[in-house]
file start.cif (mmCIF, C-alpha atoms)
data_protein
loop_
_atom_site.label_atom_id
_atom_site.label_comp_id
_atom_site.auth_asym_id
_atom_site.auth_seq_id
_atom_site.Cartn_x
_atom_site.Cartn_y
_atom_site.Cartn_z
CA MET A 1 37.01 43.26 52.24
CA LEU A 2 39.14 44.12 49.25
CA ASP A 3 42.94 44.17 49.05
CA ARG A 4 44.24 47.71 49.63
CA ARG A 5 46.62 47.36 46.69
CA PHE A 6 43.72 46.36 44.44
CA ILE A 7 41.83 49.50 45.51
CA ARG A 8 44.89 51.68 44.86
CA GLU A 9 45.38 50.21 41.41
CA ASN A 10 41.69 49.98 40.44
CA PRO A 11 39.82 52.87 42.10
CA ASP A 12 37.37 53.28 39.21
CA THR A 13 36.44 49.59 39.37
CA VAL A 14 35.71 49.94 43.09
CA ARG A 15 33.67 53.10 42.48
CA ALA A 16 31.65 51.28 39.83
CA ALA A 17 31.02 48.33 42.18
CA ALA A 18 29.80 50.67 44.91
CA ARG A 19 27.54 52.43 42.42
CA VAL A 20 25.84 49.30 41.04
CA LYS A 21 25.47 47.82 44.53
CA GLY A 22 23.99 51.03 45.90
CA VAL A 23 26.77 51.54 48.46
CA ASP A 24 27.72 55.02 49.63
CA LEU A 25 31.51 54.68 49.68
CA ASP A 26 34.21 57.35 49.83
CA VAL A 27 36.89 55.76 47.65
CA ASP A 28 38.99 58.95 47.65
CA GLY A 29 38.88 58.90 51.46
CA ILE A 30 40.13 55.31 51.45
CA LEU A 31 43.01 56.21 49.13
CA LEU A 32 43.95 59.22 51.27
CA LEU A 33 43.89 57.19 54.48
CA ASP A 34 45.86 54.40 52.83
CA ARG A 35 48.61 56.87 51.89
CA SER A 36 48.58 58.28 55.42
CA VAL A 37 48.83 54.83 57.00
CA ARG A 38 51.73 53.83 54.75
CA ALA A 39 53.54 57.11 55.48
CA LEU A 40 53.04 56.71 59.23
CA GLN A 41 54.26 53.11 59.06
CA HIS A 42 57.39 54.28 57.21
CA THR A 43 57.99 56.95 59.86
CA LEU A 44 57.55 54.37 62.60
CA ASP A 45 59.89 51.88 60.96
CA THR A 46 62.56 54.57 60.46
CA ALA A 47 62.31 55.74 64.07
CA GLN A 48 62.49 52.18 65.40
CA ARG A 49 65.55 51.47 63.28
CA GLU A 50 67.27 54.63 64.58
CA ARG A 51 66.29 53.69 68.15
CA ARG A 52 67.97 50.31 67.74
CA GLU A 53 71.11 51.93 66.32
CA LEU A 54 71.27 54.28 69.30
CA ALA A 55 70.91 51.38 71.71
CA GLY A 56 73.68 49.50 69.88
CA GLY A 57 76.10 52.42 70.18
CA PHE A 58 75.43 53.12 73.86
CA LYS A 59 77.87 50.59 75.34
CA ALA A 60 80.88 51.76 73.32
CA ALA A 61 80.19 55.49 73.90
CA GLY A 62 81.90 57.70 76.41
CA GLU A 63 79.98 59.50 79.16
CA ALA A 64 79.44 62.69 77.16
CA GLU A 65 78.32 60.73 74.12
CA ARG A 66 76.03 58.63 76.29
CA GLU A 67 74.30 61.75 77.57
CA ARG A 68 73.71 62.90 74.02
CA LEU A 69 72.41 59.47 73.12
CA ARG A 70 70.03 59.54 76.10
CA GLU A 71 68.61 62.86 74.98
CA ARG A 72 68.26 61.65 71.44
CA SER A 73 66.67 58.42 72.67
CA GLY A 74 64.12 60.40 74.69
CA VAL A 75 63.16 62.43 71.62
CA LEU A 76 62.81 59.24 69.57
CA ASP A 77 60.70 57.55 72.26
CA GLU A 78 58.25 60.45 72.19
CA ARG A 79 58.15 60.39 68.39
CA LEU A 80 57.52 56.64 68.47
CA ARG A 81 54.68 57.06 70.97
CA GLN A 82 52.99 59.77 68.93
CA THR A 83 53.47 57.93 65.66
CA ARG A 84 52.06 54.70 67.09
CA GLU A 85 48.99 56.53 68.34
CA GLU A 86 48.45 58.29 64.99
CA LEU A 87 48.98 55.03 63.12
CA GLU A 88 46.53 53.19 65.37
CA ARG A 89 43.83 55.83 64.83
CA ALA A 90 44.38 56.02 61.07
CA SER A 91 44.48 52.23 60.69
CA ALA A 92 41.25 51.81 62.65
CA HIS A 93 39.52 54.42 60.48
CA LEU A 94 40.86 52.80 57.32
CA ARG A 95 39.73 49.34 58.43
CA ASP A 96 36.25 50.67 59.12
CA LEU A 97 36.05 52.02 55.56
CA LEU A 98 37.48 48.81 54.12
CA LEU A 99 34.86 46.76 55.97
CA ARG A 100 32.20 48.77 54.12
CA THR A 101 33.82 48.27 50.72
CA PRO A 102 31.77 46.03 48.40
CA ASN A 103 33.11 43.08 46.47
CA ILE A 104 33.39 43.48 42.71
CA PRO A 105 30.31 41.77 41.23
CA TRP A 106 30.38 39.14 38.50
CA SER A 107 30.24 40.65 35.03
CA GLY A 108 27.19 38.52 34.23
CA ALA A 109 25.10 39.87 37.10
CA PRO A 110 22.13 42.02 36.03
CA VAL A 111 22.63 45.65 37.01
CA GLY A 112 19.77 47.00 39.07
CA PRO A 113 18.93 48.43 42.48
CA ASP A 114 16.94 45.52 43.94
CA GLU A 115 15.31 42.12 43.36
CA ALA A 116 13.06 43.60 40.68
CA ALA A 117 16.10 43.50 38.37
CA ASN A 118 16.76 39.78 38.98
CA THR A 119 16.47 37.57 35.91
CA VAL A 120 15.12 34.01 35.69
CA ILE A 121 17.67 31.68 34.11
CA ARG A 122 15.74 28.40 34.29
CA VAL A 123 12.53 26.84 35.60
CA TRP A 124 12.04 23.22 36.66
CA GLY A 125 8.99 21.09 37.41
CA GLU A 126 5.25 21.26 37.02
CA ARG A 127 3.03 23.26 39.31
CA PRO A 128 0.31 21.16 40.94
CA ALA A 129 -3.13 21.16 39.31
CA PHE A 130 -5.78 20.56 41.98
CA ASP A 131 -9.26 19.18 41.28
CA PHE A 132 -10.42 20.76 44.53
CA THR A 133 -10.04 24.14 46.19
CA PRO A 134 -6.64 24.08 47.91
CA VAL A 135 -5.94 25.87 51.19
CA ASP A 136 -2.78 27.59 52.35
CA HIS A 137 -0.35 26.00 54.79
CA VAL A 138 -1.77 27.89 57.77
CA GLU A 139 -5.32 26.64 57.29
CA LEU A 140 -4.06 23.14 56.56
CA ALA A 141 -1.88 23.07 59.68
CA GLU A 142 -4.69 24.39 61.86
CA LYS A 143 -7.17 21.83 60.51
CA ARG A 144 -4.73 19.01 61.29
CA GLY A 145 -3.49 20.35 64.62
CA TRP A 146 0.02 20.64 63.22
CA ALA A 147 0.83 24.13 64.50
CA GLU A 148 0.05 26.57 67.28
CA PHE A 149 0.14 30.10 65.92
CA GLU A 150 -1.94 32.17 68.32
CA ARG A 151 -0.59 30.45 71.43
CA ALA A 152 2.98 30.84 70.13
CA ARG A 153 2.39 34.56 69.64
CA ASN A 154 1.12 34.77 73.22
CA ALA A 155 4.42 33.29 74.35
CA SER A 156 6.85 34.93 71.94
CA GLY A 157 5.17 37.76 70.03
CA GLU A 158 4.65 38.29 66.32
CA ARG A 159 6.17 35.95 63.73
CA ALA A 160 6.31 33.13 66.27
CA TYR A 161 5.07 29.60 65.64
CA ALA A 162 5.06 26.20 67.28
CA LEU A 163 4.97 23.04 65.20
CA ALA A 164 3.09 20.00 66.44
CA GLY A 165 2.51 16.35 65.66
CA ASP A 166 3.32 15.13 62.18
CA LEU A 167 4.66 18.52 61.06
CA VAL A 168 7.45 18.17 63.65
CA LEU A 169 8.25 14.75 62.21
CA LEU A 170 8.16 16.13 58.68
CA GLU A 171 10.60 18.87 59.64
CA ARG A 172 12.97 16.32 61.17
CA ALA A 173 12.66 14.23 58.00
CA VAL A 174 13.57 17.19 55.76
CA HIS A 175 16.70 17.94 57.77
CA SER A 176 17.73 14.31 58.05
CA TYR A 177 17.38 13.86 54.30
CA ALA A 178 19.51 16.96 53.62
CA LEU A 179 22.22 15.87 56.04
CA ASP A 180 22.35 12.35 54.61
CA LEU A 181 22.58 13.75 51.09
CA LEU A 182 25.44 16.10 51.97
CA ALA A 183 27.26 13.40 53.94
CA SER A 184 27.10 11.18 50.84
CA ARG A 185 28.81 14.03 48.95
CA ASP A 186 31.69 14.20 51.45
CA PHE A 187 30.49 17.23 53.37
CA ARG A 188 31.45 17.23 57.02
CA LEU A 189 28.37 17.52 59.24
CA LEU A 190 28.61 20.13 61.96
CA SER A 191 26.04 21.23 64.51
CA VAL A 192 27.20 24.78 65.20
CA PRO A 193 26.36 27.39 67.84
CA SER A 194 23.88 30.16 67.15
CA LEU A 195 25.39 32.38 69.84
CA VAL A 196 28.35 34.15 68.24
CA LYS A 197 30.80 36.94 69.01
CA ARG A 198 30.83 40.25 67.17
CA ASP A 199 34.11 39.31 65.45
CA ALA A 200 32.39 36.33 63.82
CA LEU A 201 29.70 38.58 62.35
CA VAL A 202 32.30 41.10 61.17
CA GLY A 203 34.37 38.31 59.63
CA THR A 204 31.36 36.96 57.77
CA GLY A 205 30.24 40.39 56.57
CA PHE A 206 27.00 40.83 58.52
CA LEU A 207 28.55 43.65 60.57
CA PRO A 208 28.91 46.53 60.18
CA GLY A 209 25.83 47.37 58.14
CA HIS A 210 23.11 44.89 59.12
CA GLY A 211 22.94 45.35 62.87
CA GLU A 212 19.22 46.12 62.79
CA GLU A 213 18.54 42.58 61.52
CA ILE A 214 20.54 40.82 64.26
CA TYR A 215 19.43 39.95 67.78
CA GLN A 216 21.98 41.16 70.33
CA LEU A 217 22.56 40.02 73.91
CA PRO A 218 24.42 43.04 75.32
CA GLY A 219 24.73 41.54 78.80
CA ASP A 220 26.89 38.76 77.35
CA ASP A 221 28.42 40.65 74.41
CA LEU A 222 27.00 38.00 72.08
CA TYR A 223 24.64 37.86 69.12
CA LEU A 224 22.17 35.36 67.66
CA ALA A 225 23.30 34.31 64.19
CA GLY A 226 20.93 34.26 61.23
CA THR A 227 22.78 31.39 59.51
CA ALA A 228 25.29 28.64 60.32
CA GLU A 229 27.64 30.40 57.90
CA VAL A 230 28.64 32.81 60.69
CA ALA A 231 29.95 30.07 62.97
CA LEU A 232 31.47 28.14 60.07
CA VAL A 233 33.56 31.16 59.06
CA GLY A 234 34.36 31.84 62.69
CA LEU A 235 35.66 28.29 63.21
CA HIS A 236 38.63 29.06 60.94
CA SER A 237 39.09 32.75 61.67
CA GLY A 238 42.77 33.64 61.94
CA GLU A 239 43.91 30.22 60.72
CA MET A 240 46.61 29.27 58.24
CA LEU A 241 45.02 26.29 56.52
CA SER A 242 46.95 23.47 54.90
CA LEU A 243 46.69 23.34 51.12
CA ARG A 244 46.24 19.57 51.26
CA ASP A 245 43.08 20.02 53.39
CA LEU A 246 41.35 22.23 50.82
CA PRO A 247 38.58 22.33 49.87
CA LEU A 248 36.82 22.22 53.24
CA ARG A 249 33.17 21.21 52.83
CA TYR A 250 30.71 21.67 55.65
CA ALA A 251 27.04 20.97 56.21
CA GLY A 252 26.24 23.21 59.14
CA ILE A 253 22.96 22.78 61.00
CA SER A 254 21.71 25.27 63.56
CA PRO A 255 18.75 27.28 64.78
CA CYS A 256 18.78 30.69 63.07
CA PHE A 257 17.39 34.04 64.21
CA ARG A 258 16.49 37.18 62.26
CA ARG A 259 14.66 40.24 63.49
CA GLU A 260 13.02 40.90 60.10
CA VAL A 261 13.18 44.65 60.65
CA GLY A 262 11.80 46.48 57.64
CA SER A 263 9.39 43.70 56.72
CA ALA A 264 6.46 44.96 58.80
CA GLY A 265 3.19 43.87 57.22
CA ARG A 266 4.89 41.38 54.88
CA ASP A 267 4.18 37.65 55.18
CA VAL A 268 2.87 37.94 58.73
CA ARG A 269 0.67 34.88 58.19
CA GLY A 270 2.10 31.50 59.01
CA LEU A 271 5.56 30.12 58.34
CA LEU A 272 6.94 32.25 55.52
CA ARG A 273 8.75 35.01 57.41
CA VAL A 274 9.53 34.13 61.01
CA HIS A 275 12.05 35.20 63.64
CA GLN A 276 13.38 31.71 64.39
CA PHE A 277 13.98 28.89 61.94
CA GLU A 278 16.24 25.90 61.32
CA LYS A 279 18.60 25.47 58.44
CA VAL A 280 21.17 23.13 56.97
CA GLU A 281 23.77 25.30 55.28
CA GLN A 282 26.28 24.24 52.64
CA PHE A 283 29.63 25.98 53.11
CA VAL A 284 32.93 25.64 51.23
CA ILE A 285 36.43 27.04 51.72
CA CYS A 286 38.58 26.49 48.63
CA VAL A 287 41.76 27.77 46.99
CA ALA A 288 41.82 31.29 45.59
CA ASP A 289 41.04 30.42 42.00
CA GLU A 290 38.11 31.82 40.03
CA ALA A 291 37.57 28.62 38.07
CA GLU A 292 37.56 26.56 41.26
CA SER A 293 35.08 28.95 42.88
CA ALA A 294 32.84 28.75 39.82
CA ARG A 295 32.94 24.95 39.95
CA TRP A 296 31.90 24.92 43.60
CA HIS A 297 29.20 27.51 42.98
CA ALA A 298 27.70 25.22 40.35
CA GLU A 299 27.94 22.22 42.67
CA LEU A 300 26.30 23.97 45.63
CA LEU A 301 23.56 25.29 43.39
CA GLY A 302 23.12 21.86 41.83
CA THR A 303 22.78 20.22 45.24
CA ALA A 304 20.00 22.61 46.23
CA GLU A 305 18.24 21.95 42.93
CA HIS A 306 18.62 18.21 43.51
CA VAL A 307 16.90 18.58 46.89
CA LEU A 308 13.92 20.36 45.34
CA GLN A 309 13.75 17.99 42.38
CA SER A 310 13.82 14.95 44.65
CA LEU A 311 11.04 16.49 46.72
CA GLY A 312 9.06 17.11 43.54
CA LEU A 313 8.74 20.86 44.03
CA ALA A 314 8.63 23.22 41.05
CA TYR A 315 11.15 26.06 41.22
CA GLU A 316 12.96 28.78 39.31
CA VAL A 317 16.63 29.80 39.49
CA VAL A 318 17.33 33.51 39.26
CA GLU A 319 20.48 35.51 38.64
CA CYS A 320 20.52 38.14 41.36
CA ALA A 321 21.03 41.78 40.43
CA THR A 322 23.93 43.82 41.75
CA GLY A 323 21.71 45.77 44.14
CA ASP A 324 20.12 42.61 45.55
CA MET A 325 23.20 40.48 46.13
CA GLY A 326 24.65 42.29 49.12
CA LEU A 327 27.99 43.84 49.96
CA GLY A 328 30.28 40.82 49.82
CA LYS A 329 28.87 38.75 46.99
CA PHE A 330 30.70 38.20 43.72
CA ARG A 331 27.81 36.13 42.35
CA MET A 332 24.47 35.14 43.82
CA ASN A 333 21.70 32.85 42.60
CA ASP A 334 18.40 32.50 44.42
CA ILE A 335 16.13 29.51 44.04
CA ASN A 336 12.44 30.31 44.36
CA THR A 337 9.98 27.49 45.05
CA TRP A 338 6.34 27.42 43.94
CA PHE A 339 3.69 28.26 46.57
CA PRO A 340 0.15 27.48 45.38
CA SER A 341 -1.51 29.79 47.91
CA LEU A 342 0.54 32.74 46.65
CA GLU A 343 0.39 31.65 43.01
CA ARG A 344 4.04 32.55 42.66
CA PHE A 345 7.58 31.44 43.44
CA ARG A 346 9.18 32.42 46.75
CA GLU A 347 12.83 32.24 47.79
CA THR A 348 13.88 29.07 49.61
CA HIS A 349 17.62 28.95 48.75
CA SER A 350 20.40 31.45 48.14
CA CYS A 351 23.77 30.46 46.63
CA SER A 352 26.69 32.90 46.98
CA THR A 353 30.31 33.14 45.88
CA LEU A 354 32.40 35.68 47.81
CA HIS A 355 35.92 34.99 46.47
CA ASP A 356 38.43 36.19 49.12
CA TRP A 357 36.27 39.09 50.38
CA GLN A 358 35.11 37.12 53.44
CA ALA A 359 38.42 35.38 54.11
CA ARG A 360 40.25 38.72 54.23
CA ARG A 361 37.87 39.93 56.93
CA ALA A 362 38.21 36.70 58.91
CA ASN A 363 41.94 36.27 58.10
CA ILE A 364 41.56 32.75 56.68
CA ARG A 365 44.71 31.92 54.72
CA TYR A 366 46.72 29.08 53.21
CA LYS A 367 50.07 28.66 51.47
CA ASP A 368 49.83 27.76 47.80
CA ALA A 369 52.08 25.28 45.99
CA ASP A 370 54.74 28.00 45.59
CA GLY A 371 54.69 28.85 49.29
CA ARG A 372 52.85 32.15 48.84
CA VAL A 373 50.32 33.10 51.50
CA ARG A 374 46.86 33.47 49.94
CA PHE A 375 43.43 34.34 51.28
CA ALA A 376 40.99 31.50 50.60
CA HIS A 377 37.72 31.69 48.67
CA THR A 378 34.42 30.99 50.44
CA LEU A 379 30.98 29.97 49.17
CA ASN A 380 27.66 29.10 50.74
CA ASN A 381 24.17 27.93 49.85
CA THR A 382 21.11 26.71 51.67
CA ALA A 383 20.49 22.97 51.63
CA VAL A 384 17.12 23.19 53.41
CA ALA A 385 15.53 25.86 55.60
CA THR A 386 12.41 25.24 57.61
CA PRO A 387 9.66 26.07 58.32
CA ARG A 388 9.35 27.85 54.93
CA LEU A 389 10.11 24.65 53.03
CA LEU A 390 7.47 22.86 55.11
CA ALA A 391 4.92 25.40 53.91
CA ALA A 392 5.86 24.61 50.31
CA ILE A 393 5.65 20.84 50.84
CA THR A 394 2.30 20.90 52.62
CA GLU A 395 0.72 23.27 50.09
CA ASN A 396 1.98 21.47 46.99
CA PHE A 397 1.14 17.94 48.19
CA GLN A 398 -2.12 18.52 50.03
CA THR A 399 -5.13 16.31 49.35
CA ALA A 400 -8.82 17.11 49.19
CA ASP A 401 -9.35 15.73 52.71
CA HIS A 402 -6.58 17.93 54.14
CA HIS A 403 -3.86 15.32 54.35
CA VAL A 404 -0.40 15.63 52.76
CA ARG A 405 1.30 13.16 50.43
CA VAL A 406 4.85 12.60 51.65
CA PRO A 407 7.57 12.96 48.98
CA LYS A 408 9.17 9.58 48.35
CA VAL A 409 12.64 10.62 49.55
CA LEU A 410 11.22 11.57 52.95
CA ARG A 411 9.20 8.42 53.56
CA PRO A 412 12.08 6.37 55.03
CA TYR A 413 12.37 9.00 57.76
CA LEU A 414 8.65 8.76 58.55
CA GLY A 415 8.29 5.02 58.88
CA ASP A 416 7.53 4.68 55.15
CA ARG A 417 4.29 6.59 55.55
CA GLU A 418 2.91 7.85 52.25
CA ILE A 419 0.30 10.16 53.77
CA ILE A 420 0.32 12.27 56.90
#
call {"tool": "encode", "arguments": {"input": "start.cif", "output": "structure tokens"}}
result
Amino acid sequence: MLDRRFIRENPDTVRAAARVKGVDLDVDGILLLDRSVRALQHTLDTAQRERRELAGGFKAAGEAERERLRERSGVLDERLRQTREELERASAHLRDLLLRTPNIPWSGAPVGPDEAANTVIRVWGERPAFDFTPVDHVELAEKRGWAEFERARNASGERAYALAGDLVLLERAVHSYALDLLASRDFRLLSVPSLVKRDALVGTGFLPGHGEEIYQLPGDDLYLAGTAEVALVGLHSGEMLSLRDLPLRYAGISPCFRREVGSAGRDVRGLLRVHQFEKVEQFVICVADEAESARWHAELLGTAEHVLQSLGLAYEVVECATGDMGLGKFRMNDINTWFPSLERFRETHSCSTLHDWQARRANIRYKDADGRVRFAHTLNNTAVATPRLLAAITENFQTADHHVRVPKVLRPYLGDREII
């Protein structure tokens, strides 16, 4: 959410942001409602001040004057009631429009309607060269008894899976490695709930606008979150943070759920696009300073690259286009990892800077060194997300006899096994 004053003073900038992000936004309607809300608030404040003055003069007034004051007070009470109702309706409408207002994208972001406009900014690692015919992760898992796909679909429908045997242990190893790495970098480890309230999704920016992607439990008025970021924002919603505690660094681990509406027919095979997955999420709340945000963006991105480099997986980093980065992002970099079966890179990480767009929605504030109340900046990036990363590991490190070489950094978590 953007500051109303910023929108008033920079309407063309907001219009341009909506245009390059592909957002249908009525900026003139926002400005009109903003004027109406401010006028109604002025009317309310004036009427309340007059009401207090009348109440103050009542004791000293004679009987005739008191009767006049009663009549005047009754008129003011009705005006106050009507004004409050009008202000409440106008404010609710304005807030709804503000919640749909996009963040201003980074000037270096490629302008384009979707991921086709993304640009590769660097590539790391060597793709594996096999001296045998490799198989994809599904065939490999089925040969080794590492997954139950058909039986999982019988239980849970399409895009379901059940890991088994050594693949379960490999998944645990991947998450343990990521958590240990982040703990060594002074991130606080948090196992967070996946069941969240609507306010948490609104505060994070997933609602309104992405409801079709989110599982809802209407009987409990709860939702299933698609990332630990939702709960991590929600933990501090409405708080006034202490400047001395910033930055807050979290490694949030949780099951994640996404309906994958609109992806029918895409990646239906195996572990690439599933409804339920597990993720360790990097999340930072820092002071409202562009340079500080940029520093943390680089660090979060660097940590994700370190994970892939230490695993020995080839990847590319892309600068995401304005139409691909989403409503609240100032800057977004995806990391795409090499999948031999697809003969291309696929997204495994997404690093985002949101400046104060998210904190304004969730009302996360702090007082700066001068005592001014500021909305904080927030950032997030994947550390690891499985089972997609498991598919990359098994495909890239498979052997001719359908085993998998374990990356060195994961071996301590698997009893120092080199092969599974």
call {"tool": "atom_distance", "arguments": {"input": "start.cif", "atom1": "CA of Thr204 in chain A", "atom2": "CA of Gln358 in chain A"}}
result
5.7 Å
call {"tool": "residues_around", "arguments": {"input": "start.cif", "residues": "range 163-179 of chain A", "least_positions_apart": "6", "cutoff": "6 Å", "atoms": "all atoms listed in the file", "output": "mmCIF file with C-alpha atoms, keeping the file's coordinate frame"}}
result
data_model
loop_
_atom_site.group_PDB
_atom_site.id
_atom_site.type_symbol
_atom_site.label_atom_id
_atom_site.label_comp_id
_atom_site.auth_asym_id
_atom_site.auth_seq_id
_atom_site.Cartn_x
_atom_site.Cartn_y
_atom_site.Cartn_z
ATOM 1 C CA TRP A 146 0.020 20.640 63.220
ATOM 2 C CA ALA A 147 0.830 24.130 64.500
ATOM 3 C CA LEU A 410 11.220 11.570 52.950
ATOM 4 C CA TYR A 413 12.370 9.000 57.760
#
call {"tool": "resolve_selection", "arguments": {"input": "start.cif", "expression": "the PyMOL selection byres ((chain A and resi 191) around 9)", "output": "list of chain:residue names"}}
result
A:Leu189, A:Leu190, A:Val192, A:Pro193, A:Ala228, A:Ala251, A:Gly252, A:Ile253, A:Ser254
call {"tool": "write_last_selection", "arguments": {"input": "start.cif", "atoms": "C-alpha atoms", "output": "PDB file, in the coordinates of the input"}}
result
ATOM      1  CA  LEU A 189      28.370  17.520  59.240  1.00  0.00           C
ATOM      2  CA  LEU A 190      28.610  20.130  61.960  1.00  0.00           C
ATOM      3  CA  VAL A 192      27.200  24.780  65.200  1.00  0.00           C
ATOM      4  CA  PRO A 193      26.360  27.390  67.840  1.00  0.00           C
ATOM      5  CA  ALA A 228      25.290  28.640  60.320  1.00  0.00           C
ATOM      6  CA  ALA A 251      27.040  20.970  56.210  1.00  0.00           C
ATOM      7  CA  GLY A 252      26.240  23.210  59.140  1.00  0.00           C
ATOM      8  CA  ILE A 253      22.960  22.780  61.000  1.00  0.00           C
ATOM      9  CA  SER A 254      21.710  25.270  63.560  1.00  0.00           C
TER      10      SER A 254
END
call {"tool": "closest_atom_pairs", "arguments": {"input": "start.cif", "of": "range 52-163 of chain A", "to": "range 337-356 of chain A", "cutoff": "8 Å", "atoms": "all atoms listed in the file", "output": "tab-separated table"}}
result
residue	atom	partner	partner_atom	distance
A:Asn103	CA	A:Leu354	CA	7.6
A:Arg127	CA	A:Trp338	CA	7.0
A:Pro128	CA	A:Pro340	CA	7.7
A:Pro134	CA	A:Ser341	CA	7.7
A:Val135	CA	A:Ser341	CA	6.8
A:Asp136	CA	A:Ser341	CA	5.1
A:His137	CA	A:Ser341	CA	7.9
call {"tool": "atom_distance", "arguments": {"input": "start.cif", "atom1": "CA of Pro387 in chain A", "atom2": "CA of Val284 in chain A"}}
result
24.3 Å
call {"tool": "atom_distance", "arguments": {"input": "start.cif", "atom1": "CA of Val280 in chain A", "atom2": "CA of Val404 in chain A"}}
result
23.2 Å
call {"tool": "build_atoms", "arguments": {"input": "start.cif", "residues": "range 130-143 of chain A", "atoms": "N, CA, C and O atoms", "output": "compact mmCIF listing (two decimals), in the coordinates of the input"}}
result
# COMPACT_ATOMS: atom_id res chain seq x y z
N PHE A 130 -4.85 21.15 41.03
CA PHE A 130 -5.78 20.56 41.98
C PHE A 130 -7.18 20.44 41.38
O PHE A 130 -7.63 21.34 40.66
N ASP A 131 -7.86 19.32 41.68
CA ASP A 131 -9.26 19.18 41.28
C ASP A 131 -10.20 19.50 42.44
O ASP A 131 -11.34 19.05 42.49
N PHE A 132 -9.66 20.26 43.39
CA PHE A 132 -10.42 20.76 44.53
C PHE A 132 -9.88 22.13 44.88
O PHE A 132 -8.88 22.59 44.30
N THR A 133 -10.51 22.81 45.79
CA THR A 133 -10.04 24.14 46.19
C THR A 133 -8.96 23.99 47.25
O THR A 133 -9.25 23.59 48.40
N PRO A 134 -7.71 24.26 46.92
CA PRO A 134 -6.64 24.08 47.91
C PRO A 134 -6.68 25.18 48.97
O PRO A 134 -7.25 26.25 48.77
N VAL A 135 -6.05 24.88 50.11
CA VAL A 135 -5.94 25.87 51.19
C VAL A 135 -4.47 26.20 51.37
O VAL A 135 -3.59 25.49 50.87
N ASP A 136 -4.19 27.26 52.10
CA ASP A 136 -2.78 27.59 52.35
C ASP A 136 -2.27 26.76 53.53
O ASP A 136 -3.02 26.06 54.21
N HIS A 137 -0.97 26.85 53.77
CA HIS A 137 -0.35 26.00 54.79
C HIS A 137 -0.86 26.30 56.19
O HIS A 137 -0.89 25.41 57.05
N VAL A 138 -1.28 27.53 56.44
CA VAL A 138 -1.77 27.89 57.77
C VAL A 138 -3.09 27.18 58.04
O VAL A 138 -3.27 26.53 59.09
N GLU A 139 -4.03 27.29 57.11
CA GLU A 139 -5.32 26.64 57.29
C GLU A 139 -5.16 25.13 57.38
O GLU A 139 -5.81 24.46 58.20
N LEU A 140 -4.29 24.58 56.54
CA LEU A 140 -4.06 23.14 56.56
C LEU A 140 -3.50 22.70 57.91
O LEU A 140 -3.96 21.71 58.50
N ALA A 141 -2.50 23.42 58.40
CA ALA A 141 -1.88 23.07 59.68
C ALA A 141 -2.87 23.19 60.83
O ALA A 141 -2.88 22.36 61.76
N GLU A 142 -3.71 24.20 60.79
CA GLU A 142 -4.69 24.39 61.86
C GLU A 142 -5.76 23.30 61.82
O GLU A 142 -6.20 22.81 62.87
N LYS A 143 -6.18 22.90 60.62
CA LYS A 143 -7.17 21.83 60.51
C LYS A 143 -6.63 20.51 61.05
O LYS A 143 -7.38 19.70 61.62
